[in-house]
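See below for the structure under consideration.
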Amino acid sequence: MPDDQMTPNPARPLDPIDSAILLHLRADGRASIREVAQRVHISRANAYARINRMLASGVIRGFTARVDHERAGQGAAAYITLKIVQDSWRTVRARLERLPGAAHIALVSGDFDVLLLVHTRDNRELRELVLTRIQAIPEVISTRTLLVFEETDLLPERRPVRQIEKTPPERR
């Protein structure tokens, strides 16, 4: 089912234990069930069931590696804003998804319609991407490129972790 249609499972608020599990998995997606259970102070079976439920409901969309783009040979980054023809979002998104270095695409409100984050080898490659690939998309009316000088991921290991208080087993 396309991501812009209704999901089969309605959203439901996460409880503090689910939130803590997500916090730990965002910091280390390779953490074992045992490790997650110990950090959150629940049984392995409970951790396993909760993670599987969040996977099945689409809360957890998958697991991935975080990349240091400079070390991976992608030393230039930019946010590119696009104004597009009305009602062309799906077409434009499909074309942008195929661009080399595209990292994030968002339909937004305000002075422009789309915000695109890209990582390229250097500014020359970035220029080619914008001038020959993005501006060649017929539905793109205009672009503006904002160079990124420095990035900081705001992931759990950079934020203070609030510990879950241990609750008696009968309350889990």
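Chain labels A, B, ... are given in the sequence in which chains occur in the structure tokens; within each chain residues are numbered consecutively from 1, and ligands are likewise numbered from 1 in the order shown.
Counting only C-alpha atoms, Arg133 in chain A has the following residues at most 10 Å away, ignoring those fewer than 3 positions along the same chain: Arg95, Leu96, Leu99, Pro100, Arg127, Glu128, Leu129, Val130, Ala136 and Ile137 of chain A.
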Dump of N, CA and C atoms for the selected residues, as a PDB file, in the first residue's frame:
```pdb
ATOM      1  N   ARG A  95      10.574  10.638  -9.118  1.00  0.00           N
ATOM      2  CA  ARG A  95      11.803  11.014  -9.835  1.00  0.00           C
ATOM      3  C   ARG A  95      12.933  11.350  -8.850  1.00  0.00           C
ATOM      4  N   LEU A  96      12.598  12.071  -7.770  1.00  0.00           N
ATOM      5  CA  LEU A  96      13.612  12.452  -6.777  1.00  0.00           C
ATOM      6  C   LEU A  96      14.164  11.226  -6.045  1.00  0.00           C
ATOM      7  N   LEU A  99      17.247   9.771  -7.593  1.00  0.00           N
ATOM      8  CA  LEU A  99      18.465  10.584  -7.722  1.00  0.00           C
ATOM      9  C   LEU A  99      19.584  10.007  -6.868  1.00  0.00           C
ATOM     10  N   PRO A 100      20.803   9.983  -7.405  1.00  0.00           N
ATOM     11  CA  PRO A 100      21.933   9.546  -6.578  1.00  0.00           C
ATOM     12  C   PRO A 100      22.168  10.556  -5.453  1.00  0.00           C
ATOM     13  N   ARG A 127      26.272  20.568  -8.225  1.00  0.00           N
ATOM     14  CA  ARG A 127      25.814  21.477  -9.284  1.00  0.00           C
ATOM     15  C   ARG A 127      25.187  20.682 -10.429  1.00  0.00           C
ATOM     16  N   GLU A 128      25.839  19.615 -10.857  1.00  0.00           N
ATOM     17  CA  GLU A 128      25.306  18.790 -11.941  1.00  0.00           C
ATOM     18  C   GLU A 128      23.965  18.167 -11.549  1.00  0.00           C
ATOM     19  N   LEU A 129      23.872  17.726 -10.327  1.00  0.00           N
ATOM     20  CA  LEU A 129      22.622  17.128  -9.855  1.00  0.00           C
ATOM     21  C   LEU A 129      21.480  18.134  -9.934  1.00  0.00           C
ATOM     22  N   VAL A 130      21.727  19.357  -9.455  1.00  0.00           N
ATOM     23  CA  VAL A 130      20.675  20.377  -9.446  1.00  0.00           C
ATOM     24  C   VAL A 130      20.363  20.855 -10.861  1.00  0.00           C
ATOM     25  N   ALA A 136      15.649  19.513 -14.707  1.00  0.00           N
ATOM     26  CA  ALA A 136      15.133  18.902 -15.935  1.00  0.00           C
ATOM     27  C   ALA A 136      13.805  18.186 -15.716  1.00  0.00           C
ATOM     28  N   ILE A 137      13.381  18.043 -14.468  1.00  0.00           N
ATOM     29  CA  ILE A 137      12.086  17.416 -14.188  1.00  0.00           C
ATOM     30  C   ILE A 137      11.005  18.410 -14.615  1.00  0.00           C
TER      31      ILE A 137
END
```
| task | Can you pull out every residue within 7 Å of range 117-123 of chain A, counting only C-alpha atoms, but drop anything in the same chain fewer than 6 positions away, and send it as a PyMOL selection string? | result | chain A and resi 73-80+101-105
| field | Atomic distance CA of Ile84 in chain A - CA of Glu139 in chain A, expressed in Å with one decimal | value |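 Taking CA of Ile84 in chain A and CA of Glu139 in chain A, their separation equals 5.5 Å.
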| said: Report, in Å with one decimal, the straight-line distance from CA of Leu14 in chain A to CA of Ala65 in chain A. | reply: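 Those two atoms sit 24.1 Å apart.
For the choices A:Thr64, A:Ile17, A:Val140, A:Ala56, the atom-to-atom distance to Trp89 in chain A is smallest for A:Val140 when using only C-alpha atoms.
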| Filtered DSSP result for chain A, state strand (DSSP E or B), as a ChimeraX atom specification | /A:76-84,102-107,114-120,140-147
| Which of chain A DSSP labels alpha helix (DSSP H), written as JSON, numbers by chain | {"A": [16, 17, 18, 19, 20, 21, 22, 23, 24, 25, 26, 27, 33, 34, 35, 36, 37, 38, 39, 40, 44, 45, 46, 47, 48, 49, 50, 51, 52, 53, 54, 55, 56, 89, 90, 91, 92, 93, 94, 95, 96, 97, 123, 124, 125, 126, 127, 128]}
| task | Extract, using only C-alpha atoms, all DNA, RNA and protein residues at most 12 Å from Ser109 in chain A, discarding same-chain residues fewer than 3 positions from it, and format them as a PyMOL selection string. | result | chain A and resi 81-84+106+112-115
